[in-house]
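So this block is final.cif, mmCIF, C-alpha atoms (C1' of nucleotides):
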data_start
loop_
_atom_site.label_atom_id
_atom_site.label_comp_id
_atom_site.auth_asym_id
_atom_site.auth_seq_id
_atom_site.Cartn_x
_atom_site.Cartn_y
_atom_site.Cartn_z
CA MET A 1 11.35 7.86 30.41
CA PRO A 2 12.37 5.93 27.28
CA ASP A 3 10.47 2.74 26.54
CA PRO A 4 12.75 0.54 24.41
CA ALA A 5 10.16 -2.26 24.47
CA ALA A 6 7.62 -0.32 22.39
CA PRO A 7 7.52 -1.70 18.83
CA VAL A 8 8.55 0.70 16.06
CA SER A 9 6.27 1.00 13.02
CA ASN A 10 7.42 1.03 9.40
CA LEU A 11 6.85 4.77 9.40
CA GLY A 12 9.11 5.00 12.45
CA PHE A 13 11.93 3.27 10.56
CA ALA A 14 11.35 5.53 7.56
CA ILE A 15 11.83 8.55 9.83
CA LEU A 16 14.87 6.98 11.54
CA GLY A 17 16.36 6.41 8.08
CA LEU A 18 15.87 10.08 7.28
CA LEU A 19 17.34 11.29 10.57
CA ALA A 20 20.29 8.88 10.29
CA ARG A 21 21.26 10.79 7.16
CA ARG A 22 20.74 14.25 8.56
CA GLU A 23 19.09 15.86 11.59
CA SER A 24 15.90 17.76 10.83
CA THR A 25 12.87 19.50 12.28
CA GLY A 26 9.54 17.72 12.02
CA TYR A 27 8.60 20.07 9.21
CA GLU A 28 11.75 19.15 7.30
CA VAL A 29 11.06 15.43 7.80
CA ALA A 30 7.64 16.01 6.22
CA GLN A 31 9.29 17.81 3.25
CA ARG A 32 11.92 15.12 2.84
CA MET A 33 9.19 12.44 2.80
CA ARG A 34 8.59 13.50 -0.82
CA GLN A 35 12.01 13.51 -2.51
CA PRO A 36 13.63 11.02 -2.72
CA ILE A 37 12.17 8.83 0.01
CA GLY A 38 8.70 9.63 -1.33
CA TYR A 39 9.59 7.39 -4.28
CA PHE A 40 8.87 4.38 -2.09
CA TRP A 41 7.28 5.67 1.12
CA THR A 42 5.06 8.64 1.93
CA ALA A 43 3.53 10.21 5.02
CA ARG A 44 1.78 13.47 5.87
CA HIS A 45 2.82 15.79 8.65
CA SER A 46 -0.21 14.71 10.68
CA GLN A 47 1.29 11.24 10.86
CA ILE A 48 4.89 12.38 11.26
CA TYR A 49 4.57 14.64 14.31
CA PRO A 50 2.95 11.99 16.56
CA GLU A 51 5.44 9.37 15.33
CA LEU A 52 8.37 11.66 16.19
CA ASN A 53 6.95 11.97 19.70
CA ARG A 54 6.74 8.18 19.98
CA LEU A 55 10.32 7.73 18.75
CA ASP A 56 11.37 10.39 21.24
CA ALA A 57 9.57 8.60 24.10
CA ALA A 58 11.28 5.34 23.04
CA GLY A 59 14.69 7.03 23.19
CA LEU A 60 15.41 6.42 19.50
CA VAL A 61 15.57 10.12 18.69
CA GLU A 62 16.21 13.21 20.79
CA HIS A 63 15.36 16.86 20.16
CA GLU A 64 16.44 20.34 21.08
CA VAL A 65 14.18 23.36 20.94
CA ILE A 66 15.50 26.02 18.55
CA GLU A 67 14.24 29.44 17.57
CA GLY A 68 11.98 29.48 14.54
CA ALA A 69 8.67 30.62 13.13
CA GLY A 70 5.28 29.44 14.31
CA PRO A 71 3.06 29.48 17.37
CA ARG A 72 4.76 26.44 18.95
CA PRO A 73 8.42 25.83 19.73
CA THR A 74 10.45 24.52 16.78
CA LYS A 75 12.21 21.22 17.49
CA ARG A 76 15.30 19.83 15.80
CA TYR A 77 15.44 16.02 15.94
CA ARG A 78 18.57 13.87 15.95
CA ILE A 79 18.83 10.05 15.90
CA THR A 80 20.35 8.48 19.05
CA GLU A 81 22.78 5.57 19.27
CA ALA A 82 19.83 3.36 20.31
CA GLY A 83 18.02 4.62 17.22
CA ARG A 84 20.94 3.71 14.92
CA THR A 85 21.13 0.25 16.47
CA ALA A 86 17.38 -0.31 16.06
CA LEU A 87 17.50 0.88 12.44
CA ALA A 88 20.40 -1.40 11.48
CA ALA A 89 18.73 -4.39 13.18
CA TRP A 90 15.49 -3.72 11.29
CA VAL A 91 17.29 -3.40 7.94
CA VAL A 92 18.75 -6.91 8.09
CA GLY A 93 15.85 -8.52 9.99
CA ASP A 94 13.36 -11.03 8.60
CA LEU A 95 10.97 -9.73 5.96
CA ASP A 96 8.22 -11.93 4.62
CA PRO A 97 7.12 -11.30 1.03
CA GLN A 98 5.01 -8.17 0.92
CA PRO A 99 1.54 -8.39 -0.62
CA VAL A 100 1.32 -6.23 -3.73
CA ARG A 101 -1.35 -3.53 -3.73
CA ASP A 102 -1.41 -1.94 -7.15
CA LEU A 103 -4.43 0.10 -8.19
CA GLU A 104 -3.31 0.33 -11.83
CA ILE A 105 -3.11 -3.42 -12.25
CA LEU A 106 -6.40 -3.84 -10.39
CA ARG A 107 -7.98 -1.64 -13.06
CA LEU A 108 -6.36 -3.46 -15.94
CA TRP A 109 -7.62 -6.73 -14.49
CA SER A 110 -11.14 -5.49 -15.36
CA ILE A 111 -10.17 -3.94 -18.69
CA TRP A 112 -12.12 -6.64 -20.54
CA THR A 113 -15.34 -4.84 -19.49
CA VAL A 114 -14.62 -1.81 -21.71
CA GLU A 115 -14.21 -1.18 -25.45
CA PRO A 116 -10.68 -1.86 -26.81
CA ALA A 117 -10.38 1.78 -27.94
CA ALA A 118 -11.09 3.03 -24.38
CA ALA A 119 -8.68 0.43 -23.06
CA GLU A 120 -5.90 1.63 -25.38
CA ASP A 121 -6.53 5.20 -24.26
CA LEU A 122 -6.28 4.17 -20.61
CA VAL A 123 -2.99 2.37 -21.17
CA SER A 124 -1.60 5.38 -23.05
CA ARG A 125 -2.42 7.61 -20.11
CA LEU A 126 -0.73 5.23 -17.66
CA GLU A 127 2.27 5.11 -19.97
CA ALA A 128 2.60 8.90 -20.02
CA ALA A 129 2.47 9.02 -16.22
CA HIS A 130 5.18 6.34 -15.93
CA ARG A 131 7.37 8.27 -18.39
CA ARG A 132 7.12 11.46 -16.31
CA THR A 133 8.04 9.53 -13.18
CA LEU A 134 10.96 7.87 -14.95
CA ASP A 135 12.26 11.29 -16.03
CA ARG A 136 12.18 12.54 -12.43
CA TYR A 137 14.11 9.48 -11.24
CA LEU A 138 16.70 9.94 -13.98
CA GLU A 139 17.22 13.59 -13.04
CA GLU A 140 17.56 12.68 -9.39
CA LEU A 141 20.12 10.00 -10.19
CA ALA A 142 22.10 12.35 -12.44
CA GLU A 143 22.29 14.85 -9.57
CA ILE A 144 24.01 12.43 -7.22
CA SER A 145 25.97 10.11 -9.54
CA ASP A 146 29.09 12.28 -9.64
CA SER A 147 29.26 12.78 -5.87
CA PRO A 148 32.11 11.13 -3.99
CA GLY A 149 30.84 8.19 -1.97
CA VAL A 150 28.13 6.93 -4.35
CA ARG A 151 30.11 3.70 -4.72
CA ASP A 152 30.86 3.27 -1.03
CA PRO A 153 28.30 0.90 0.60
CA SER A 154 28.65 2.71 3.92
CA ASN A 155 27.70 6.04 2.37
CA PRO A 156 24.00 7.03 2.29
CA LEU A 157 24.42 8.12 -1.34
CA PHE A 158 25.21 4.51 -2.25
CA ALA A 159 21.76 3.52 -0.93
CA SER A 160 20.13 6.46 -2.70
CA ARG A 161 21.78 5.38 -5.93
CA ILE A 162 20.74 1.73 -5.78
CA THR A 163 17.14 2.52 -4.80
CA LEU A 164 16.85 5.10 -7.60
CA GLU A 165 18.32 2.58 -10.02
CA GLY A 166 15.62 0.14 -8.87
CA GLY A 167 12.91 2.73 -9.51
CA ILE A 168 14.32 3.49 -12.96
CA ARG A 169 14.44 -0.16 -13.94
CA SER A 170 10.90 -0.83 -12.71
CA ARG A 171 9.48 2.20 -14.55
CA ARG A 172 11.27 1.20 -17.77
CA THR A 173 9.78 -2.27 -17.42
CA ALA A 174 6.34 -0.76 -16.81
CA LEU A 175 6.70 1.36 -19.97
CA GLU A 176 7.69 -1.65 -22.06
CA TRP A 177 4.78 -3.58 -20.65
CA CYS A 178 2.33 -0.75 -21.44
CA ALA A 179 3.55 -0.71 -25.06
CA TRP A 180 3.16 -4.47 -25.22
CA VAL A 181 -0.42 -4.28 -23.84
CA ARG A 182 -1.32 -1.63 -26.44
CA ALA A 183 0.05 -3.88 -29.17
CA GLU A 184 -1.98 -6.81 -27.85
CA LEU A 185 -5.12 -4.65 -27.89
CA ALA A 186 -4.36 -3.41 -31.40
CA ALA A 187 -3.60 -6.92 -32.69
CA ALA A 188 -7.07 -8.09 -31.68
CA GLU A 189 -8.78 -5.18 -33.41
CA ARG A 190 -7.96 -6.54 -36.85
CA MET B 191 -33.38 1.01 -1.01
CA PRO B 192 -30.29 1.29 -3.25
CA ASP B 193 -28.12 4.38 -2.80
CA PRO B 194 -26.30 4.93 -6.12
CA ALA B 195 -24.78 8.15 -4.75
CA ALA B 196 -22.62 6.34 -2.19
CA PRO B 197 -18.98 6.29 -3.38
CA VAL B 198 -17.45 2.87 -4.03
CA SER B 199 -14.05 2.11 -2.51
CA ASN B 200 -11.16 0.46 -4.33
CA LEU B 201 -11.99 -2.74 -2.46
CA GLY B 202 -15.54 -2.42 -3.78
CA PHE B 203 -14.26 -2.31 -7.37
CA ALA B 204 -11.97 -5.26 -6.68
CA ILE B 205 -15.01 -7.27 -5.55
CA LEU B 206 -17.10 -6.05 -8.50
CA GLY B 207 -14.29 -7.19 -10.80
CA LEU B 208 -14.41 -10.63 -9.23
CA LEU B 209 -18.19 -10.91 -9.43
CA ALA B 210 -18.22 -9.63 -13.03
CA ARG B 211 -16.21 -12.73 -13.90
CA ARG B 212 -18.25 -15.19 -11.88
CA GLU B 213 -20.92 -15.08 -9.16
CA SER B 214 -19.71 -16.20 -5.73
CA THR B 215 -20.52 -16.44 -2.05
CA GLY B 216 -18.71 -14.04 0.27
CA TYR B 217 -16.53 -16.92 1.37
CA GLU B 218 -15.55 -17.62 -2.24
CA VAL B 219 -14.78 -13.94 -2.81
CA ALA B 220 -12.40 -14.12 0.16
CA GLN B 221 -10.73 -17.23 -1.32
CA ARG B 222 -10.43 -15.66 -4.77
CA MET B 223 -8.81 -12.57 -3.23
CA ARG B 224 -5.64 -14.66 -3.06
CA GLN B 225 -5.15 -16.19 -6.50
CA PRO B 226 -4.83 -14.53 -8.97
CA ILE B 227 -6.28 -11.19 -7.88
CA GLY B 228 -4.19 -11.48 -4.73
CA TYR B 229 -1.16 -10.77 -6.92
CA PHE B 230 -2.09 -7.09 -6.87
CA TRP B 231 -4.87 -6.67 -4.32
CA THR B 232 -5.69 -8.47 -1.09
CA ALA B 233 -8.43 -8.34 1.53
CA ARG B 234 -9.52 -10.45 4.49
CA HIS B 235 -13.01 -11.77 4.98
CA SER B 236 -13.57 -9.27 7.79
CA GLN B 237 -13.26 -6.50 5.22
CA ILE B 238 -15.11 -8.31 2.44
CA TYR B 239 -18.40 -9.15 4.18
CA PRO B 240 -19.19 -5.55 5.21
CA GLU B 241 -18.16 -4.30 1.74
CA LEU B 242 -20.50 -6.81 0.07
CA ASN B 243 -23.32 -5.45 2.23
CA ARG B 244 -22.47 -1.90 1.12
CA LEU B 245 -22.39 -2.90 -2.56
CA ASP B 246 -25.72 -4.64 -2.03
CA ALA B 247 -27.24 -1.54 -0.42
CA ALA B 248 -25.93 0.54 -3.36
CA GLY B 249 -27.63 -1.82 -5.82
CA LEU B 250 -24.33 -2.81 -7.50
CA VAL B 251 -24.67 -6.45 -6.50
CA GLU B 252 -27.62 -8.64 -5.53
CA HIS B 253 -27.77 -11.87 -3.58
CA GLU B 254 -29.89 -14.94 -3.12
CA VAL B 255 -29.87 -17.10 -0.02
CA ILE B 256 -28.81 -20.69 -0.76
CA GLU B 257 -28.45 -23.76 1.40
CA GLY B 258 -24.96 -24.27 2.82
CA ALA B 259 -22.90 -24.90 5.91
CA GLY B 260 -22.57 -22.53 8.82
CA PRO B 261 -24.66 -20.90 11.52
CA ARG B 262 -25.86 -18.08 9.24
CA PRO B 263 -27.58 -18.21 5.84
CA THR B 264 -25.18 -18.65 2.91
CA LYS B 265 -25.53 -15.91 0.28
CA ARG B 266 -24.60 -16.09 -3.39
CA TYR B 267 -23.73 -12.67 -4.86
CA ARG B 268 -24.15 -11.58 -8.47
CA ILE B 269 -23.16 -8.25 -10.08
CA THR B 270 -26.09 -6.12 -11.35
CA GLU B 271 -26.26 -4.08 -14.55
CA ALA B 272 -25.65 -0.96 -12.43
CA GLY B 273 -22.62 -2.71 -11.01
CA ARG B 274 -21.22 -3.50 -14.47
CA THR B 275 -21.74 0.09 -15.55
CA ALA B 276 -20.02 1.44 -12.43
CA LEU B 277 -17.10 -0.96 -12.89
CA ALA B 278 -16.54 -0.05 -16.54
CA ALA B 279 -16.73 3.68 -15.74
CA TRP B 280 -14.16 3.26 -12.96
CA VAL B 281 -11.77 1.29 -15.19
CA VAL B 282 -11.44 4.07 -17.76
CA GLY B 283 -11.80 6.97 -15.30
CA ASP B 284 -9.09 9.38 -14.21
CA LEU B 285 -6.27 7.89 -12.17
CA ASP B 286 -3.57 10.11 -10.74
CA PRO B 287 -0.13 8.54 -10.29
CA GLN B 288 -0.21 6.26 -7.29
CA PRO B 289 2.35 6.82 -4.54
CA VAL B 290 4.67 3.84 -4.22
CA ARG B 291 4.78 2.13 -0.83
CA ASP B 292 7.51 -0.49 -0.92
CA LEU B 293 8.87 -1.85 2.34
CA GLU B 294 11.77 -3.66 0.63
CA ILE B 295 13.08 -0.51 -1.00
CA LEU B 296 12.56 1.41 2.24
CA ARG B 297 14.90 -1.07 3.90
CA LEU B 298 17.49 -0.92 1.16
CA TRP B 299 17.44 2.87 1.43
CA SER B 300 19.03 2.41 4.89
CA ILE B 301 21.34 -0.42 3.85
CA TRP B 302 24.38 1.86 4.25
CA THR B 303 23.97 1.50 8.04
CA VAL B 304 24.95 -2.21 8.01
CA GLU B 305 28.04 -4.21 7.07
CA PRO B 306 28.33 -5.06 3.33
CA ALA B 307 28.29 -8.80 4.14
CA ALA B 308 24.96 -8.45 5.99
CA ALA B 309 23.68 -6.30 3.14
CA GLU B 310 24.56 -8.96 0.57
CA ASP B 311 22.79 -11.58 2.66
CA LEU B 312 19.65 -9.41 2.84
CA VAL B 313 19.61 -8.90 -0.93
CA SER B 314 20.07 -12.63 -1.48
CA ARG B 315 17.05 -13.35 0.68
CA LEU B 316 14.93 -10.80 -1.19
CA GLU B 317 16.10 -12.34 -4.45
CA ALA B 318 15.02 -15.83 -3.40
CA ALA B 319 11.57 -14.55 -2.43
CA HIS B 320 11.15 -12.78 -5.79
CA ARG B 321 12.17 -15.96 -7.61
CA ARG B 322 9.51 -18.00 -5.78
CA THR B 323 6.88 -15.40 -6.65
CA LEU B 324 8.00 -15.35 -10.28
CA ASP B 325 7.64 -19.13 -10.46
CA ARG B 326 4.07 -18.93 -9.16
CA TYR B 327 3.18 -16.29 -11.75
CA LEU B 328 4.72 -18.39 -14.54
CA GLU B 329 2.71 -21.44 -13.49
CA GLU B 330 -0.47 -19.41 -13.35
CA LEU B 331 0.17 -17.98 -16.82
CA ALA B 332 0.92 -21.44 -18.24
CA GLU B 333 -2.41 -22.67 -16.90
CA ILE B 334 -4.44 -20.12 -18.84
CA SER B 335 -2.32 -19.43 -21.92
CA ASP B 336 -3.82 -22.25 -24.02
CA SER B 337 -7.43 -21.38 -23.19
CA PRO B 338 -9.59 -19.99 -25.98
CA GLY B 339 -10.24 -16.30 -25.44
CA VAL B 340 -6.87 -15.30 -23.96
CA ARG B 341 -6.30 -13.07 -27.01
CA ASP B 342 -9.77 -11.57 -27.06
CA PRO B 343 -9.79 -8.18 -25.22
CA SER B 344 -13.41 -8.68 -24.18
CA ASN B 345 -12.60 -11.97 -22.46
CA PRO B 346 -11.62 -11.88 -18.76
CA LEU B 347 -8.74 -14.28 -19.51
CA PHE B 348 -7.20 -11.58 -21.71
CA ALA B 349 -7.03 -9.30 -18.66
CA SER B 350 -5.69 -12.14 -16.50
CA ARG B 351 -2.99 -12.77 -19.07
CA ILE B 352 -1.80 -9.17 -19.41
CA THR B 353 -1.75 -8.57 -15.65
CA LEU B 354 0.17 -11.81 -15.06
CA GLU B 355 2.59 -10.82 -17.82
CA GLY B 356 3.07 -7.51 -16.00
CA GLY B 357 3.81 -9.30 -12.75
CA ILE B 358 6.30 -11.62 -14.48
CA ARG B 359 8.13 -8.73 -16.12
CA SER B 360 8.31 -6.74 -12.89
CA ARG B 361 9.65 -9.72 -10.90
CA ARG B 362 12.25 -10.47 -13.56
CA THR B 363 13.35 -6.85 -13.38
CA ALA B 364 13.50 -7.05 -9.59
CA LEU B 365 15.68 -10.18 -9.83
CA GLU B 366 18.08 -8.52 -12.26
CA TRP B 367 18.25 -5.49 -10.01
CA CYS B 368 18.99 -7.65 -6.93
CA ALA B 369 21.88 -9.32 -8.79
CA TRP B 370 23.16 -5.89 -9.82
CA VAL B 371 22.99 -4.61 -6.22
CA ARG B 372 24.94 -7.65 -5.00
CA ALA B 373 27.59 -7.01 -7.65
CA GLU B 374 27.83 -3.36 -6.57
CA LEU B 375 28.29 -4.46 -2.96
CA ALA B 376 30.91 -7.04 -3.95
CA ALA B 377 32.78 -4.57 -6.17
CA ALA B 378 33.29 -2.23 -3.22
CA GLU B 379 34.65 -4.99 -0.99
CA ARG B 380 37.85 -5.24 -3.01
"C1'" DA C 381 -1.09 44.63 2.22
"C1'" DA C 382 -1.43 39.92 0.64
"C1'" DA C 383 0.33 35.51 -0.17
"C1'" DT C 384 3.51 32.02 0.76
"C1'" DT C 385 6.39 29.44 3.64
"C1'" DC C 386 7.77 27.81 8.15
"C1'" DA C 387 6.15 25.18 11.96
"C1'" DT C 388 3.45 22.08 15.05
"C1'" DG C 389 -0.23 20.11 16.51
"C1'" DT C 390 -5.36 17.62 16.99
"C1'" DA C 391 -9.83 15.47 15.21
"C1'" DA C 392 -12.45 12.69 12.43
"C1'" DA C 393 -13.01 9.35 9.17
"C1'" DG C 394 -11.63 5.62 6.09
"C1'" DA C 395 -8.81 1.49 5.09
"C1'" DG C 396 -6.74 -2.63 6.66
"C1'" DT C 397 -5.26 -6.34 10.06
"C1'" DT C 398 -5.90 -9.31 13.93
"C1'" DA C 399 -8.72 -11.45 17.06
"C1'" DC C 400 -13.17 -13.12 18.75
"C1'" DA C 401 -17.39 -15.80 17.86
"C1'" DT C 402 -20.45 -19.44 16.12
"C1'" DG C 403 -21.77 -23.78 14.11
"C1'" DA C 404 -22.77 -27.03 10.14
"C1'" DT C 405 -20.69 -30.19 6.70
"C1'" DT C 406 -17.08 -32.85 4.92
"C1'" DT C 407 -12.83 -35.40 5.02
"C1'" DC C 408 -9.46 -38.31 7.43
"C1'" DG D 409 -14.15 -39.12 16.76
"C1'" DA D 410 -11.02 -35.38 15.29
"C1'" DA D 411 -9.63 -32.12 12.09
"C1'" DA D 412 -10.32 -29.35 8.27
"C1'" DT D 413 -13.29 -26.74 5.50
"C1'" DC D 414 -17.39 -23.99 4.66
"C1'" DA D 415 -19.64 -19.84 6.00
"C1'" DT D 416 -20.74 -15.24 8.03
"C1'" DG D 417 -20.33 -11.92 11.02
"C1'" DT D 418 -18.44 -8.24 14.87
"C1'" DA D 419 -14.82 -5.81 17.80
"C1'" DA D 420 -10.63 -3.73 18.58
"C1'" DC D 421 -6.75 -1.90 16.94
"C1'" DT D 422 -3.34 0.16 13.66
"C1'" DC D 423 -2.33 2.83 9.73
"C1'" DT D 424 -3.37 6.57 6.55
"C1'" DT D 425 -5.79 10.57 4.73
"C1'" DT D 426 -8.35 14.76 5.07
"C1'" DA D 427 -9.67 18.55 7.52
"C1'" DC D 428 -9.35 21.88 11.30
"C1'" DA D 429 -6.45 25.09 13.98
"C1'" DT D 430 -2.94 28.62 15.02
"C1'" DG D 431 0.46 32.16 14.18
"C1'" DA D 432 5.27 34.06 13.09
"C1'" DA D 433 8.62 35.12 9.38
"C1'" DT D 434 9.46 35.90 4.70
"C1'" DT D 435 8.52 37.06 0.06
"C1'" DT D 436 5.83 39.46 -3.55
#

Output the file's structure in the form of structure tokens.
Amino acid sequence: MPDPAAPVSNLGFAILGLLARRESTGYEVAQRMRQPIGYFWTARHSQIYPELNRLDAAGLVEHEVIEGAGPRPTKRYRITEAGRTALAAWVVGDLDPQPVRDLEILRLWSIWTVEPAAAEDLVSRLEAAHRRTLDRYLEELAEISDSPGVRDPSNPLFASRITLEGGIRSRRTALEWCAWVRAELAAAER
Amino acid sequence: MPDPAAPVSNLGFAILGLLARRESTGYEVAQRMRQPIGYFWTARHSQIYPELNRLDAAGLVEHEVIEGAGPRPTKRYRITEAGRTALAAWVVGDLDPQPVRDLEILRLWSIWTVEPAAAEDLVSRLEAAHRRTLDRYLEELAEISDSPGVRDPSNPLFASRITLEGGIRSRRTALEWCAWVRAELAAAER
DNA sequence: AAATTCATGTAAAGAGTTACATGATTTC
DNA sequence: GAAATCATGTAACTCTTTACATGAATTT
């Protein structure tokens, strides 16, 4: 008995977005929650399996049992028409500004409590991590940018491209900012 | 009986960072968790009061009861030497790359499911919200940028300045990216 | 034969939000 | 006199992570 009145969580819409692109087993959803959707949303399998059951109960996804490994039956999930409708409505719905929750900046906000040399070292380490992430984004973008459809707004690859571009721009900005902070720290040393 | 072995949460370090700058009542900590620390970390009073009690039990803060309004005694909290040491150690400690959790980008990842016109409208709304946030950051930076100490890495205002600068750069990048996305959507319409 | 991957679940605990609760002081 | 602010707490719920649990199929 589907319950269309039950509210869908952000995680639910993340999963609907995945299944709208391609049907998957719960296990595959968990894998796909790393690349590329993991660049802006993550979830573990322990959160995904119950959420799939809720989406199923709400009639937003459906499943068929297929043969596969494991002690329990393997299920392949597919988004329903109701699921597509709910996803599209959520995408264009109201969204109030999200509070930022950034552990790196929280640390740097207390950087005045440590020696400038230790501070510079910290910023260098953050910088290196941002550079690695940027490289991954660039590779991912290169992989899709020649595919047909990347410039068609109704193609999922279009959305993959613009979100990756956003990640690339924000990491480049973070790198520039890190270099600037190091320079500010160094300027004060003399 | 302080328990220095108890691990301190991220919220705990956020509060220690606040109290390292200036002693405060729990109520004031809750107020200060909006501006400017609220730009990268937030918490409600219902989370702050219990955390202050934990920090107190761990010996990282201490309090004195003062006269004030309200049915319960008003407490003024101050960071201890142990608290300062713990904060500084946390600032320069290991930090693995933080997973991004961005609801806006999650939405845009499914933007291919809606009409381009609706997509453009969504991006315009996000853009306007980023612009408002940018303006707040710029005001906040202007307020502190003439203060003595903003260029001294051991002064809390130095940390306020570099974190605000980071917020400004990231919002400017977000605005440019929004304009770029709108152009990409418009280019496909013709 | 051992290790890894496929595959799905539950339990417990921590983090965070919303709602409930109380009452004094200050401002309009 | 009413409303807002000061001030501290608890309860219930949601979201997220970590850990426990099982076992077949595939790879080394």

Fill in: Within 8 Å of chain A: residues of chain B, using only C-alpha atoms, as a ChimeraX atom specification
/B:200,204,207,227-232,274,277-278,280-282,287-293,295-306,308-309,312,319,341-346,348-350,352-353,356,359-360,363-364,367,371,374-375,378

With C-alpha atoms retained, write the just-selected residues as a JSON list (two decimals), in the frame of the given file.
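part.json, freshly written:
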[["chain", "number", "residue", "atom", "x", "y", "z"],
["B", 200, "ASN", "CA", -11.16, 0.46, -4.33],
["B", 204, "ALA", "CA", -11.97, -5.26, -6.68],
["B", 207, "GLY", "CA", -14.29, -7.19, -10.80],
["B", 227, "ILE", "CA", -6.28, -11.19, -7.88],
["B", 228, "GLY", "CA", -4.19, -11.48, -4.73],
["B", 229, "TYR", "CA", -1.16, -10.77, -6.92],
["B", 230, "PHE", "CA", -2.09, -7.09, -6.87],
["B", 231, "TRP", "CA", -4.87, -6.67, -4.32],
["B", 232, "THR", "CA", -5.69, -8.47, -1.09],
["B", 274, "ARG", "CA", -21.22, -3.50, -14.47],
["B", 277, "LEU", "CA", -17.10, -0.96, -12.89],
["B", 278, "ALA", "CA", -16.54, -0.05, -16.54],
["B", 280, "TRP", "CA", -14.16, 3.26, -12.96],
["B", 281, "VAL", "CA", -11.77, 1.29, -15.19],
["B", 282, "VAL", "CA", -11.44, 4.07, -17.76],
["B", 287, "PRO", "CA", -0.13, 8.54, -10.29],
["B", 288, "GLN", "CA", -0.21, 6.26, -7.29],
["B", 289, "PRO", "CA", 2.35, 6.82, -4.54],
["B", 290, "VAL", "CA", 4.67, 3.84, -4.22],
["B", 291, "ARG", "CA", 4.78, 2.13, -0.83],
["B", 292, "ASP", "CA", 7.51, -0.49, -0.92],
["B", 293, "LEU", "CA", 8.87, -1.85, 2.34],
["B", 295, "ILE", "CA", 13.08, -0.51, -1.00],
["B", 296, "LEU", "CA", 12.56, 1.41, 2.24],
["B", 297, "ARG", "CA", 14.90, -1.07, 3.90],
["B", 298, "LEU", "CA", 17.49, -0.92, 1.16],
["B", 299, "TRP", "CA", 17.44, 2.87, 1.43],
["B", 300, "SER", "CA", 19.03, 2.41, 4.89],
["B", 301, "ILE", "CA", 21.34, -0.42, 3.85],
["B", 302, "TRP", "CA", 24.38, 1.86, 4.25],
["B", 303, "THR", "CA", 23.97, 1.50, 8.04],
["B", 304, "VAL", "CA", 24.95, -2.21, 8.01],
["B", 305, "GLU", "CA", 28.04, -4.21, 7.07],
["B", 306, "PRO", "CA", 28.33, -5.06, 3.33],
["B", 308, "ALA", "CA", 24.96, -8.45, 5.99],
["B", 309, "ALA", "CA", 23.68, -6.30, 3.14],
["B", 312, "LEU", "CA", 19.65, -9.41, 2.84],
["B", 319, "ALA", "CA", 11.57, -14.55, -2.43],
["B", 341, "ARG", "CA", -6.30, -13.07, -27.01],
["B", 342, "ASP", "CA", -9.77, -11.57, -27.06],
["B", 343, "PRO", "CA", -9.79, -8.18, -25.22],
["B", 344, "SER", "CA", -13.41, -8.68, -24.18],
["B", 345, "ASN", "CA", -12.60, -11.97, -22.46],
["B", 346, "PRO", "CA", -11.62, -11.88, -18.76],
["B", 348, "PHE", "CA", -7.20, -11.58, -21.71],
["B", 349, "ALA", "CA", -7.03, -9.30, -18.66],
["B", 350, "SER", "CA", -5.69, -12.14, -16.50],
["B", 352, "ILE", "CA", -1.80, -9.17, -19.41],
["B", 353, "THR", "CA", -1.75, -8.57, -15.65],
["B", 356, "GLY", "CA", 3.07, -7.51, -16.00],
["B", 359, "ARG", "CA", 8.13, -8.73, -16.12],
["B", 360, "SER", "CA", 8.31, -6.74, -12.89],
["B", 363, "THR", "CA", 13.35, -6.85, -13.38],
["B", 364, "ALA", "CA", 13.50, -7.05, -9.59],
["B", 367, "TRP", "CA", 18.25, -5.49, -10.01],
["B", 371, "VAL", "CA", 22.99, -4.61, -6.22],
["B", 374, "GLU", "CA", 27.83, -3.36, -6.57],
["B", 375, "LEU", "CA", 28.29, -4.46, -2.96],
["B", 378, "ALA", "CA", 33.29, -2.23, -3.22]]

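The coordinates place atom CA of Arg44 of chain A at 27.2 Å from atom C1' of DA382 of chain C.
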
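Sharing one sequence, chain A and chain B superpose at an RMSD of 0.0 Å, with all Cα atoms paired in order.
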
Kindly resolve the PyMOL selection byres ((chain D and resi 415) around 8) on the present coordinates and return the residues as a PDB file with C-alpha atoms (C1' of nucleotides), in the frame of the given file.
ATOM      1  CA  TYR B 217     -16.530 -16.920   1.370  1.00  0.00           C
ATOM      2  CA  GLY B 258     -24.960 -24.270   2.820  1.00  0.00           C
ATOM      3  CA  ALA B 259     -22.900 -24.900   5.910  1.00  0.00           C
ATOM      4  CA  GLY B 260     -22.570 -22.530   8.820  1.00  0.00           C
ATOM      5  CA  PRO B 261     -24.660 -20.900  11.520  1.00  0.00           C
ATOM      6  CA  ARG B 262     -25.860 -18.080   9.240  1.00  0.00           C
ATOM      7  CA  THR B 264     -25.180 -18.650   2.910  1.00  0.00           C
TER       8      THR B 264
ATOM      9  C1'  DC D 414     -17.390 -23.990   4.660  1.00  0.00           C
ATOM     10  C1'  DT D 416     -20.740 -15.240   8.030  1.00  0.00           C
TER      11       DT D 416
END

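Interface residues on chain D toward chain A (cut-off 6 Å, all atoms listed in the file): D:DG431, D:DA432, D:DA433.
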
Taking only residues of chain C that have an atom at most 8 Å from an atom of chain A, what is each one's shortest atom pair and its distance in Å to one decimal, using all atoms listed in the file, in chain and number order, as a tab-separated table?
residue	atom	partner	partner_atom	distance
C:DC386	C1'	A:Ala69	CA	5.8
C:DA387	C1'	A:Gly70	CA	4.9
C:DT388	C1'	A:Arg72	CA	6.0
C:DG389	C1'	A:Tyr49	CA	7.6
